[in-house]
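Trainee: I am sharing protein.csv, which consists of CSV, C-alpha atoms:
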chain,number,residue,atom,x,y,z
W,11,MET,CA,100.3,-41.3,-29.2
W,12,SER,CA,103.7,-42.9,-30.0
W,13,ARG,CA,103.3,-42.2,-33.7
W,14,PHE,CA,103.8,-38.5,-33.0
W,15,ARG,CA,107.4,-37.3,-32.8
W,16,PRO,CA,108.3,-34.9,-30.0
W,17,THR,CA,109.0,-32.2,-32.5
W,18,PHE,CA,105.3,-32.4,-33.6
W,19,PHE,CA,104.3,-30.8,-30.3
W,20,ILE,CA,106.7,-27.8,-30.5
W,21,PRO,CA,104.4,-25.6,-32.7
W,22,ILE,CA,101.4,-26.5,-30.6
W,23,ILE,CA,103.2,-25.6,-27.3
W,24,ALA,CA,104.5,-22.4,-28.9
W,25,PHE,CA,101.0,-21.5,-30.1
W,26,LEU,CA,99.5,-22.2,-26.6
W,27,GLY,CA,102.2,-19.9,-25.1
W,28,LEU,CA,101.2,-17.1,-27.4
W,29,VAL,CA,97.5,-17.7,-26.6
W,30,ILE,CA,98.3,-17.4,-22.8
W,31,ILE,CA,100.3,-14.2,-23.2
W,32,GLY,CA,97.6,-12.6,-25.5
W,33,GLY,CA,94.9,-13.7,-23.1
W,34,LEU,CA,96.6,-12.2,-20.1
W,35,ALA,CA,97.1,-8.9,-22.1
W,36,LEU,CA,93.5,-8.9,-23.2
W,37,GLN,CA,92.2,-9.6,-19.7
W,38,GLY,CA,94.3,-6.7,-18.4
W,39,THR,CA,92.9,-4.4,-21.1
W,40,LEU,CA,89.3,-5.4,-20.4
W,41,SER,CA,89.6,-5.1,-16.7
W,42,GLY,CA,91.2,-1.7,-17.1
W,43,SER,CA,94.5,-2.5,-15.3
W,44,ARG,CA,96.5,-2.3,-18.6
W,45,ASN,CA,96.1,0.6,-20.9
W,46,PRO,CA,98.6,0.9,-23.7
W,47,ASN,CA,97.7,4.6,-24.2
W,48,GLN,CA,98.7,5.4,-20.6
W,49,LEU,CA,102.4,5.9,-20.5
W,50,PRO,CA,103.7,5.5,-17.0
W,51,SER,CA,105.1,8.7,-15.5
W,52,VAL,CA,108.7,8.6,-14.3
W,53,LEU,CA,108.0,11.5,-12.0
W,54,ILE,CA,105.9,9.5,-9.5
W,55,GLY,CA,107.6,9.8,-6.1
W,56,LYS,CA,109.7,12.7,-7.3
W,57,PRO,CA,109.3,16.4,-6.4
W,58,ALA,CA,107.1,18.4,-8.8
W,59,PRO,CA,109.2,20.2,-11.4
W,60,ASP,CA,109.8,23.8,-10.6
W,61,VAL,CA,109.3,25.6,-13.8
W,62,PRO,CA,108.5,29.3,-13.4
W,63,LEU,CA,105.3,30.2,-15.2
W,64,PRO,CA,103.5,33.6,-15.6
W,65,LEU,CA,100.0,33.7,-14.2
W,66,LEU,CA,97.2,33.9,-16.6
W,67,LYS,CA,95.6,36.9,-15.1
W,68,ASN,CA,98.8,38.8,-14.1
W,69,SER,CA,101.7,37.8,-16.4
W,70,ARG,CA,104.2,39.8,-14.2
W,71,ALA,CA,103.6,37.5,-11.3
W,72,GLU,CA,104.8,33.9,-11.2
W,73,LEU,CA,102.9,30.7,-10.3
W,74,ALA,CA,104.6,29.2,-7.2
W,75,LEU,CA,103.6,25.7,-6.4
W,76,ASP,CA,105.7,26.0,-3.2
W,77,ALA,CA,103.0,28.3,-1.8
W,78,TYR,CA,100.6,25.3,-1.7
W,79,ARG,CA,102.8,23.0,0.4
W,80,GLY,CA,101.2,21.3,3.3
W,81,GLN,CA,98.1,20.3,1.5
W,82,PRO,CA,97.3,17.8,-1.3
W,83,LEU,CA,97.2,19.5,-4.7
W,84,LEU,CA,95.9,18.7,-8.1
W,85,VAL,CA,97.8,20.1,-11.1
W,86,ASN,CA,95.8,20.0,-14.3
W,87,PHE,CA,97.2,20.7,-17.8
W,88,PHE,CA,94.4,21.9,-20.1
W,89,ALA,CA,93.8,24.0,-23.2
W,90,SER,CA,90.9,25.7,-24.8
W,91,TRP,CA,91.6,23.8,-28.0
W,92,CYS,CA,91.3,20.4,-26.3
W,93,ALA,CA,87.9,18.7,-26.5
W,94,PRO,CA,88.4,16.2,-23.7
W,95,CYS,CA,89.3,19.2,-21.4
W,96,ARG,CA,85.7,20.4,-22.0
W,97,ALA,CA,84.4,17.0,-21.1
W,98,GLU,CA,86.3,16.8,-17.8
W,99,ALA,CA,85.4,20.4,-16.8
W,100,PRO,CA,82.4,19.3,-14.7
W,101,ALA,CA,84.5,16.6,-12.9
W,102,LEU,CA,87.1,19.3,-12.0
W,103,GLU,CA,84.4,21.6,-10.8
W,104,HIS,CA,83.1,18.8,-8.5
W,105,LEU,CA,86.6,17.9,-7.3
W,106,SER,CA,87.4,21.6,-6.5
W,107,ASN,CA,85.3,21.2,-3.3
W,108,GLN,CA,87.7,18.6,-2.0
W,109,ILE,CA,91.1,19.6,-3.2
W,110,SER,CA,92.9,22.7,-4.5
W,111,ILE,CA,93.4,22.5,-8.2
W,112,ILE,CA,96.1,24.4,-10.1
W,113,GLY,CA,95.5,24.9,-13.8
W,114,ILE,CA,98.3,25.1,-16.4
W,115,ALA,CA,97.1,26.4,-19.8
W,116,TYR,CA,99.2,24.4,-22.2
W,117,LYS,CA,100.1,26.0,-25.5
W,118,ASP,CA,97.1,28.2,-25.5
W,119,ARG,CA,96.4,31.9,-26.2
W,120,PRO,CA,95.4,33.8,-23.0
W,121,GLN,CA,92.3,35.2,-24.5
W,122,ASP,CA,91.1,31.8,-25.6
W,123,THR,CA,91.9,30.3,-22.1
W,124,LEU,CA,89.9,33.1,-20.5
W,125,GLN,CA,86.9,32.5,-22.8
W,126,PHE,CA,87.2,28.7,-22.1
W,127,LEU,CA,87.0,29.4,-18.3
W,128,GLU,CA,84.0,31.7,-18.8
W,129,GLN,CA,82.2,29.0,-20.8
W,130,TYR,CA,83.1,25.9,-18.8
W,131,GLY,CA,83.7,27.2,-15.3
W,132,ASN,CA,86.9,27.9,-13.4
W,133,PRO,CA,87.7,25.3,-10.8
W,134,PHE,CA,91.3,26.5,-10.3
W,135,VAL,CA,92.9,28.3,-7.4
W,136,ALA,CA,95.6,29.6,-9.7
W,137,ILE,CA,96.3,29.3,-13.4
W,138,GLY,CA,99.8,29.4,-15.0
W,139,ARG,CA,100.6,29.9,-18.6
W,140,ASP,CA,102.8,27.4,-20.5
W,141,ASP,CA,102.8,29.2,-23.8
W,142,ASP,CA,105.5,27.1,-25.6
W,143,GLY,CA,104.9,23.8,-23.8
W,144,ARG,CA,108.3,23.7,-22.1
W,145,ALA,CA,106.8,23.3,-18.6
W,146,GLY,CA,104.7,20.5,-19.9
W,147,MET,CA,107.9,18.9,-21.2
W,148,ALA,CA,109.4,19.2,-17.7
W,149,TRP,CA,106.4,17.4,-16.3
W,150,GLY,CA,106.5,14.7,-19.0
W,151,VAL,CA,103.2,15.8,-20.5
W,152,TYR,CA,102.5,14.2,-23.9
W,153,GLY,CA,99.0,15.5,-24.4
W,154,VAL,CA,96.2,17.4,-22.7
W,155,PRO,CA,94.4,17.0,-20.4
W,156,GLU,CA,96.9,15.5,-17.9
W,157,THR,CA,96.4,15.6,-14.2
W,158,TYR,CA,98.9,15.2,-11.4
W,159,LEU,CA,98.3,14.6,-7.7
W,160,ILE,CA,100.9,16.2,-5.4
W,161,ASP,CA,101.2,15.3,-1.8
W,162,PRO,CA,101.7,17.9,1.0
W,163,SER,CA,105.5,17.6,0.8
W,164,GLY,CA,105.4,18.5,-2.9
W,165,GLN,CA,106.0,15.0,-4.3
W,166,ILE,CA,104.1,13.7,-7.4
W,167,LYS,CA,102.0,10.7,-6.3
W,168,TRP,CA,99.8,10.0,-9.3
W,169,ARG,CA,99.4,11.0,-12.9
W,170,HIS,CA,96.5,10.5,-15.3
W,171,ALA,CA,96.8,11.2,-19.0
W,172,GLY,CA,93.4,11.9,-20.6
W,173,PRO,CA,90.1,13.2,-19.2
W,174,LEU,CA,89.2,12.4,-15.6
W,175,THR,CA,86.2,10.1,-15.8
W,176,ARG,CA,84.0,9.1,-12.9
W,177,ASP,CA,85.7,5.7,-12.9
W,178,VAL,CA,89.2,7.2,-12.8
W,179,ILE,CA,88.3,9.6,-10.0
W,180,THR,CA,86.6,7.1,-7.7
W,181,THR,CA,88.9,4.1,-8.2
W,182,GLN,CA,92.2,5.9,-8.5
W,183,LEU,CA,92.3,9.6,-7.6
W,184,LEU,CA,90.1,9.5,-4.4
W,185,ALA,CA,91.9,6.3,-3.3
W,186,LYS,CA,95.3,8.0,-3.6
W,187,LEU,CA,93.9,11.1,-1.8
W,188,ALA,CA,92.6,9.0,1.0
W,189,GLU,CA,96.0,7.3,1.4
W,190,MET,CA,97.5,10.8,2.0
W,191,GLN,CA,95.1,11.8,4.7
G,4,MET,CA,119.4,-30.7,-52.5
G,5,ILE,CA,118.7,-30.1,-48.8
G,6,ARG,CA,122.1,-28.4,-48.4
G,7,SER,CA,121.4,-26.0,-51.3
G,8,ARG,CA,118.0,-25.1,-49.8
G,9,LEU,CA,119.6,-24.3,-46.5
G,10,TYR,CA,122.1,-22.0,-48.3
G,11,ILE,CA,119.2,-20.2,-50.1
G,12,LEU,CA,117.6,-19.7,-46.8
G,13,LEU,CA,120.8,-18.3,-45.3
G,14,ILE,CA,121.2,-15.9,-48.3
G,15,GLY,CA,117.6,-14.8,-47.8
G,16,VAL,CA,118.2,-14.0,-44.1
G,17,PHE,CA,121.3,-12.0,-45.0
G,18,VAL,CA,119.5,-10.0,-47.7
G,19,ILE,CA,116.6,-9.1,-45.3
G,20,GLY,CA,119.1,-8.3,-42.6
G,21,ALA,CA,121.2,-6.0,-44.8
G,22,GLY,CA,118.0,-4.4,-46.1
G,23,THR,CA,116.8,-3.5,-42.6
G,24,LEU,CA,120.2,-2.0,-41.8
G,25,ILE,CA,120.4,0.1,-45.0
G,26,LEU,CA,116.8,1.3,-45.3
G,27,PRO,CA,116.9,3.7,-42.3
G,28,LEU,CA,120.0,5.3,-43.7
G,29,GLY,CA,118.5,5.8,-47.1
G,30,GLY,CA,115.1,6.9,-45.7
G,31,THR,CA,114.4,10.5,-46.8
G,32,ALA,CA,110.9,11.0,-45.2
G,33,THR,CA,111.2,13.5,-42.4
G,34,ALA,CA,108.9,16.0,-40.8
G,35,ILE,CA,111.5,18.7,-40.1
G,36,THR,CA,110.9,22.1,-41.5
G,37,ALA,CA,113.5,24.6,-42.8
G,38,GLU,CA,113.1,27.1,-40.0
G,39,GLU,CA,113.7,24.5,-37.4
G,40,MET,CA,117.2,23.7,-38.7
G,41,LEU,CA,120.3,25.0,-37.0
G,42,ALA,CA,122.7,27.1,-39.0
G,43,ASP,CA,125.7,25.1,-37.8
G,44,PRO,CA,125.8,22.0,-40.0
G,45,LEU,CA,127.6,19.9,-37.4
G,46,LEU,CA,125.1,20.7,-34.7
G,47,GLU,CA,122.2,20.1,-37.2
G,48,THR,CA,123.7,16.6,-38.0
G,49,ARG,CA,123.8,15.8,-34.3
G,50,ALA,CA,120.2,17.1,-33.9
G,51,ARG,CA,119.0,14.8,-36.7
G,52,ASN,CA,120.9,11.9,-35.3
G,53,LEU,CA,119.4,12.4,-31.8
G,54,SER,CA,115.9,13.0,-33.3
G,55,GLN,CA,116.0,9.6,-34.9
G,56,LYS,CA,116.7,7.9,-31.5
G,57,LEU,CA,113.8,9.7,-29.8
G,58,ARG,CA,110.2,8.4,-29.8
G,59,CYS,CA,107.3,10.7,-30.5
G,60,LEU,CA,105.1,9.9,-27.5
G,61,VAL,CA,101.9,10.8,-29.2
G,62,CYS,CA,102.3,8.6,-32.3
G,63,GLN,CA,104.5,6.1,-30.4
G,64,ASN,CA,105.9,4.2,-33.3
G,65,GLN,CA,107.6,7.1,-35.1
G,66,SER,CA,110.7,9.0,-34.2
G,67,ILE,CA,110.4,12.7,-33.5
G,68,ASP,CA,112.4,13.1,-36.8
G,69,ASP,CA,109.6,11.4,-38.7
G,70,SER,CA,106.5,12.7,-36.9
G,71,ASP,CA,104.4,15.7,-37.7
G,72,ALA,CA,102.8,15.8,-34.3
G,73,ASP,CA,103.0,19.0,-32.3
G,74,LEU,CA,104.8,17.3,-29.4
G,75,ALA,CA,107.5,15.9,-31.8
G,76,LYS,CA,108.1,19.4,-33.1
G,77,ASP,CA,108.4,20.7,-29.5
G,78,LEU,CA,110.9,17.9,-28.7
G,79,ARG,CA,112.9,18.6,-31.8
G,80,ARG,CA,113.1,22.3,-30.8
G,81,GLU,CA,114.1,21.2,-27.2
G,82,VAL,CA,116.9,19.0,-28.6
G,83,ARG,CA,118.2,21.8,-30.7
G,84,ALA,CA,118.0,24.3,-27.9
G,85,GLN,CA,120.0,22.0,-25.6
G,86,LEU,CA,122.6,21.4,-28.4
G,87,VAL,CA,123.1,25.1,-28.8
G,88,GLN,CA,123.6,25.4,-25.0
G,89,GLY,CA,126.6,23.0,-25.6
G,90,LYS,CA,125.2,19.9,-24.0
G,91,THR,CA,126.5,16.5,-25.1
G,92,ASP,CA,124.3,14.0,-26.9
G,93,GLU,CA,124.3,11.7,-23.8
G,94,ALA,CA,123.2,14.6,-21.5
G,95,ILE,CA,120.3,15.5,-23.8
G,96,LEU,CA,119.1,11.9,-24.0
G,97,SER,CA,119.3,11.4,-20.3
G,98,ASP,CA,117.5,14.7,-19.7
G,99,LEU,CA,114.6,13.6,-21.8
G,100,ARG,CA,114.7,10.2,-20.2
G,101,ALA,CA,114.3,11.8,-16.8
G,102,LYS,CA,111.2,13.5,-18.0
G,103,TYR,CA,109.5,10.9,-20.2
G,104,GLY,CA,111.1,7.6,-19.1
G,105,ASP,CA,112.8,4.9,-21.0
G,106,PHE,CA,109.9,4.9,-23.5
G,107,VAL,CA,111.2,8.1,-25.1
G,108,LEU,CA,114.2,6.1,-26.4
G,109,LEU,CA,113.3,4.1,-29.5
G,110,ALA,CA,116.0,1.6,-28.5
G,111,PRO,CA,115.3,0.6,-24.9
G,112,PRO,CA,118.5,0.7,-22.7
G,113,MET,CA,120.1,-2.5,-21.7
G,114,ALA,CA,119.0,-3.2,-18.1
G,115,LYS,CA,117.8,-6.0,-15.9
G,116,ASN,CA,114.1,-5.6,-16.9
G,117,THR,CA,114.9,-5.3,-20.7
G,118,MET,CA,117.4,-8.2,-20.8
G,119,ALA,CA,114.7,-10.6,-22.1
G,120,LEU,CA,113.8,-8.1,-24.8
G,121,TRP,CA,117.4,-7.8,-26.0
G,122,LEU,CA,118.3,-11.5,-25.7
G,123,ALA,CA,115.1,-13.0,-27.0
G,124,PRO,CA,116.0,-12.5,-30.7
G,125,ILE,CA,119.4,-14.2,-30.2
G,126,GLY,CA,117.6,-17.0,-28.3
G,127,PHE,CA,115.0,-17.4,-31.2
G,128,LEU,CA,117.8,-17.4,-33.7
G,129,LEU,CA,119.6,-20.2,-31.9
G,130,LEU,CA,116.3,-22.1,-31.5
G,131,GLY,CA,115.7,-21.7,-35.2
G,132,ILE,CA,119.1,-23.0,-36.1
G,133,GLY,CA,118.7,-25.9,-33.7
G,134,ILE,CA,115.3,-26.9,-35.2
G,135,THR,CA,116.7,-26.5,-38.8
G,136,LEU,CA,119.7,-28.7,-38.0
G,137,GLY,CA,117.5,-31.2,-36.2
G,138,VAL,CA,115.0,-31.5,-39.1
G,139,ARG,CA,117.9,-31.6,-41.6
G,140,ARG,CA,119.6,-34.5,-39.9
G,141,ARG,CA,116.3,-36.5,-39.7
G,142,THR,CA,115.5,-36.0,-43.4
G,143,THR,CA,118.9,-36.7,-44.8
G,144,ILE,CA,118.5,-39.6,-47.3
G,145,PRO,CA,120.9,-42.5,-46.4
G,146,SER,CA,123.4,-43.0,-49.3
G,147,PRO,CA,122.9,-46.4,-51.1
G,148,SER,CA,125.2,-49.2,-50.1
G,149,PRO,CA,127.8,-50.1,-52.7
G,150,ILE,CA,127.0,-52.8,-55.2
G,151,SER,CA,128.3,-56.2,-54.2
G,152,HIS,CA,130.4,-58.5,-56.4
G,153,ALA,CA,127.6,-60.9,-56.8
G,154,ASP,CA,125.3,-58.1,-58.0
G,155,ARG,CA,128.0,-56.9,-60.4
G,156,ALA,CA,128.3,-60.4,-61.9
G,157,GLN,CA,124.5,-60.6,-62.4
G,158,ILE,CA,124.5,-57.3,-64.1
G,159,GLU,CA,127.2,-58.5,-66.5
G,160,THR,CA,125.3,-61.6,-67.4
G,161,LEU,CA,122.1,-59.6,-68.0
G,162,LYS,CA,124.0,-57.2,-70.2
G,163,GLN,CA,125.5,-60.2,-72.3
G,164,ASN,CA,122.1,-61.8,-72.6
G,165,HIS,CA,120.6,-58.5,-73.8
G,166,LYS,CA,123.3,-58.1,-76.4
G,167,LYS,CA,122.8,-61.7,-77.7
G,168,ALA,CA,119.0,-61.2,-77.8
G,169,SER,CA,119.3,-57.9,-79.7
G,170,LYS,CA,121.5,-59.6,-82.4
G,171,HIS,CA,118.7,-62.0,-83.2
G,172,ASP,CA,116.1,-59.2,-83.4
G,173,GLN,CA,114.6,-58.5,-86.8
G,174,PRO,CA,115.3,-55.0,-88.0
G,175,TRP,CA,112.2,-52.8,-88.6
G,176,PRO,CA,110.8,-53.1,-92.0
Will you turn the file into C-alpha cells for me?
Mentor:
Amino acid sequence: MSRFRPTFFIPIIAFLGLVIIGGLALQGTLSGSRNPNQLPSVLIGKPAPDVPLPLLKNSRAELALDAYRGQPLLVNFFASWCAPCRAEAPALEHLSNQISIIGIAYKDRPQDTLQFLEQYGNPFVAIGRDDDGRAGMAWGVYGVPETYLIDPSGQIKWRHAGPLTRDVITTQLLAKLAEMQ
Amino acid sequence: MIRSRLYILLIGVFVIGAGTLILPLGGTATAITAEEMLADPLLETRARNLSQKLRCLVCQNQSIDDSDADLAKDLRREVRAQLVQGKTDEAILSDLRAKYGDFVLLAPPMAKNTMALWLAPIGFLLLGIGITLGVRRRTTIPSPSPISHADRAQIETLKQNHKKASKHDQPWP
C-alpha cells in the first residue's frame, strides 16, 4: 500500500462521492419521493389566492372560494385541450363523493369546456373561467392539470402537478385529507 | 516547461470565462413577438432584462425570453403589464417569486440553503489551484549541481587529448 501516494486516492474518493450522491438521487426517483418534474409549491400553508373569476355557466356571477369555508376543498385546474385532464376525469368523479371539488377552466373556450364536461362528466360543485391564465399564475400553476387541497380555514395544504393517479390519491391526497378530519 | 504549461492553462480558463460572460450578451435568439413589445423603449429594455432572469417553468432550463412555451408568453405579458403599472424591477421579481418560488429565478438568491451552491465553485477553484500547485511542486526537476573543479580539470584534459588525437588522424582520401 505504501507505494501509492495519498494524492492517488483523491480521484477515487471524489468518484465514490459522486456515486453516493447519484445513488441517493436515483433511489429517491425510483421510490417516488423525488420527482424533478414536480416543482414544490410556495403556497403550501398560505391562504388560497383570491382572484375573482367569472363562472362558466353564468359569466356575470363570480366564483367565491370563501363560500366553501368550513370544509376541505379540492381546486382542480383543467382544460378541454389537456389530454391528462381526460385521463384523471374518472378519478375526480370518484373523489367527488368524498370532497367538494371546484374546477377552474384554464385558458379554455367556454363552449369547449362545456363539451368536455358533457363527454367526461362533471365532478365539480362550481366552475370558474380563467380565460387568460392570470388566476393560474396567482396560484403558481405551470401546467394543467394541477390540483390543490384547501383546508376548512382556506389554507392551501397540498398541491399536485399532473394527473391524479390512484397512487397519488391513496398515498398523498387521502392521507392529507385524513389529517384534516 | 511546466511553468509555460501552467500559463497556457490559465489563459485557457480566462478565454472560456470571458466567452461565457460575453455569449449571453451577444445571443440574439429570443421568442418574443412584435406585438408583445412595449411602445416605450425604456420599459421594453427593462422587460427584456427581467425576462432573461426568469425561468420558464415548463421548459425549466430556458429563460422566458428564450422560450416559446405558452406559460413563458403569459409570464412575459405579466412582466410587461406590471412594468406599465409602474412597478419596480425588484417588486416584479418578488411578486413572481411569491407565486412560483425561488425556482422562477434563474439565479437562485443568496440564502442559507443556497450558500453551498454559490460557494462550491469557489471551493472547487481553490481545490484545483491547490492540487495544481501540489503536483507542480512534486514534478519540478531539481536543477543539476554545479560542476566541481576536479570535473572541470578532467574535462580539460579530455579536450586536450582529443585535440592531439585528431592531429594524428589521417584525412579522408
Trainee: Could you list, with a cut-off of 7 Å and counting all atoms listed in the file, the residues of chain W near chain G, each shown with its nearest atom pair and the distance in Å rounded to one decimal, rows sorted by chain and ascending number, as a Markdown table?
Mentor:
| residue | atom | partner | partner_atom | distance |
| --- | --- | --- | --- | --- |
| W:Ser51 | CA | G:Tyr103 | CA | 6.8 |
| W:Val52 | CA | G:Gly104 | CA | 5.5 |
| W:Ala148 | CA | G:Lys102 | CA | 6.0 |
| W:Trp149 | CA | G:Lys102 | CA | 6.4 |
| W:Gly150 | CA | G:Lys102 | CA | 5.0 |
| W:Tyr152 | CA | G:Leu60 | CA | 6.2 |
Trainee: Kindly provide, as a PyMOL selection string, the polymer residues lying within 10 Å of (111.8, 16.2, -41.5), counting only C-alpha atoms and using the coordinates exactly as they appear in the file.
Mentor: chain G and resi 31-37+39-40+51+54+67-71+76
Trainee: When you draw a straight line from CA of Pro155 (chain W) to CA of Cys95 (chain W), how long is it in Å?
Mentor: 5.6 Å
Trainee: Using all atoms listed in the file, which protein or nucleic acid residues come within 9 Å of Glu98 (chain W)? Drop anything in the same chain fewer than 2 positions from it, and give the result as a list in words.
Mentor: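 Here the answer would be Pro94, Cys95, Arg96, Pro100, Ala101, Leu102, Glu103, Pro155, Pro173, Leu174 and Thr175 of chain W.
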Trainee: Identify which of the residues W:Ile109, W:Leu183, W:Ala35, W:Ala99 lies closest to Phe126 (chain W), counting only C-alpha atoms when measuring atom-to-atom distances.
Mentor: W:Ala99
Trainee: What separation in Å, quoted to one decimal, exists between CA of Thr181 (chain W) and CA of Asp60 (chain W)?
Mentor: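 The value is 28.8 Å.
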Trainee: Kindly give the distance, in Å, that separates CA of Lys117 (chain W) and CA of Asp142 (chain W), rounded to a single decimal.
Mentor: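 According to the coordinates, CA of Lys117 (chain W) and CA of Asp142 (chain W) are separated by 5.5 Å.
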Trainee: Around (100.2, 22.0, -3.7) in the file's own coordinates, what residues are found within 10 Å if you use all atoms listed in the file, given back as a PyMOL selection string?
Mentor: chain W and resi 58+74-85+109-112+159-166
Trainee: With a distance cut-off of 12 Å and all atoms listed in the file, select the neighbouring residues of Arg49 (chain G), excluding the residue or stretch itself and same-chain residues fewer than 3 positions from it, and output the selection as a PDB file with C-alpha atoms, in the frame of the given file.
Mentor:
ATOM      1  CA  MET G  40     117.200  23.700 -38.700  1.00  0.00           C
ATOM      2  CA  LEU G  41     120.300  25.000 -37.000  1.00  0.00           C
ATOM      3  CA  ASP G  43     125.700  25.100 -37.800  1.00  0.00           C
ATOM      4  CA  PRO G  44     125.800  22.000 -40.000  1.00  0.00           C
ATOM      5  CA  LEU G  45     127.600  19.900 -37.400  1.00  0.00           C
ATOM      6  CA  LEU G  46     125.100  20.700 -34.700  1.00  0.00           C
ATOM      7  CA  ASN G  52     120.900  11.900 -35.300  1.00  0.00           C
ATOM      8  CA  LEU G  53     119.400  12.400 -31.800  1.00  0.00           C
ATOM      9  CA  SER G  54     115.900  13.000 -33.300  1.00  0.00           C
ATOM     10  CA  GLN G  55     116.000   9.600 -34.900  1.00  0.00           C
ATOM     11  CA  LYS G  56     116.700   7.900 -31.500  1.00  0.00           C
ATOM     12  CA  ASP G  68     112.400  13.100 -36.800  1.00  0.00           C
ATOM     13  CA  ARG G  79     112.900  18.600 -31.800  1.00  0.00           C
ATOM     14  CA  VAL G  82     116.900  19.000 -28.600  1.00  0.00           C
ATOM     15  CA  ARG G  83     118.200  21.800 -30.700  1.00  0.00           C
ATOM     16  CA  GLN G  85     120.000  22.000 -25.600  1.00  0.00           C
ATOM     17  CA  LEU G  86     122.600  21.400 -28.400  1.00  0.00           C
ATOM     18  CA  VAL G  87     123.100  25.100 -28.800  1.00  0.00           C
ATOM     19  CA  GLY G  89     126.600  23.000 -25.600  1.00  0.00           C
ATOM     20  CA  LYS G  90     125.200  19.900 -24.000  1.00  0.00           C
ATOM     21  CA  THR G  91     126.500  16.500 -25.100  1.00  0.00           C
ATOM     22  CA  ASP G  92     124.300  14.000 -26.900  1.00  0.00           C
ATOM     23  CA  GLU G  93     124.300  11.700 -23.800  1.00  0.00           C
ATOM     24  CA  ILE G  95     120.300  15.500 -23.800  1.00  0.00           C
ATOM     25  CA  LEU G  96     119.100  11.900 -24.000  1.00  0.00           C
TER      26      LEU G  96
END
Trainee: Which residue out of G:Leu136, G:Ala119, G:Leu108, G:Leu161 has the minimum interatomic distance to Asn64 (chain G) when all atoms listed in the file are used?
Mentor: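 The shortest atom-to-atom distance to Asn64 (chain G) comes from G:Leu108.
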Trainee: Might you pull out every residue within 12 Å of Asp118 (chain W), with all atoms listed in the file counted and same-chain residues fewer than 2 positions away left off, and present them as a tab-separated table (two decimals) with C-alpha atoms, keeping the file's coordinate frame?
Mentor:
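Final output, part.tsv:
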chain	number	residue	atom	x	y	z
W	66	LEU	CA	97.20	33.90	-16.60
W	87	PHE	CA	97.20	20.70	-17.80
W	88	PHE	CA	94.40	21.90	-20.10
W	89	ALA	CA	93.80	24.00	-23.20
W	90	SER	CA	90.90	25.70	-24.80
W	91	TRP	CA	91.60	23.80	-28.00
W	92	CYS	CA	91.30	20.40	-26.30
W	114	ILE	CA	98.30	25.10	-16.40
W	115	ALA	CA	97.10	26.40	-19.80
W	116	TYR	CA	99.20	24.40	-22.20
W	120	PRO	CA	95.40	33.80	-23.00
W	121	GLN	CA	92.30	35.20	-24.50
W	122	ASP	CA	91.10	31.80	-25.60
W	123	THR	CA	91.90	30.30	-22.10
W	124	LEU	CA	89.90	33.10	-20.50
W	125	GLN	CA	86.90	32.50	-22.80
W	126	PHE	CA	87.20	28.70	-22.10
W	138	GLY	CA	99.80	29.40	-15.00
W	139	ARG	CA	100.60	29.90	-18.60
W	140	ASP	CA	102.80	27.40	-20.50
W	141	ASP	CA	102.80	29.20	-23.80
W	142	ASP	CA	105.50	27.10	-25.60
W	143	GLY	CA	104.90	23.80	-23.80
W	154	VAL	CA	96.20	17.40	-22.70
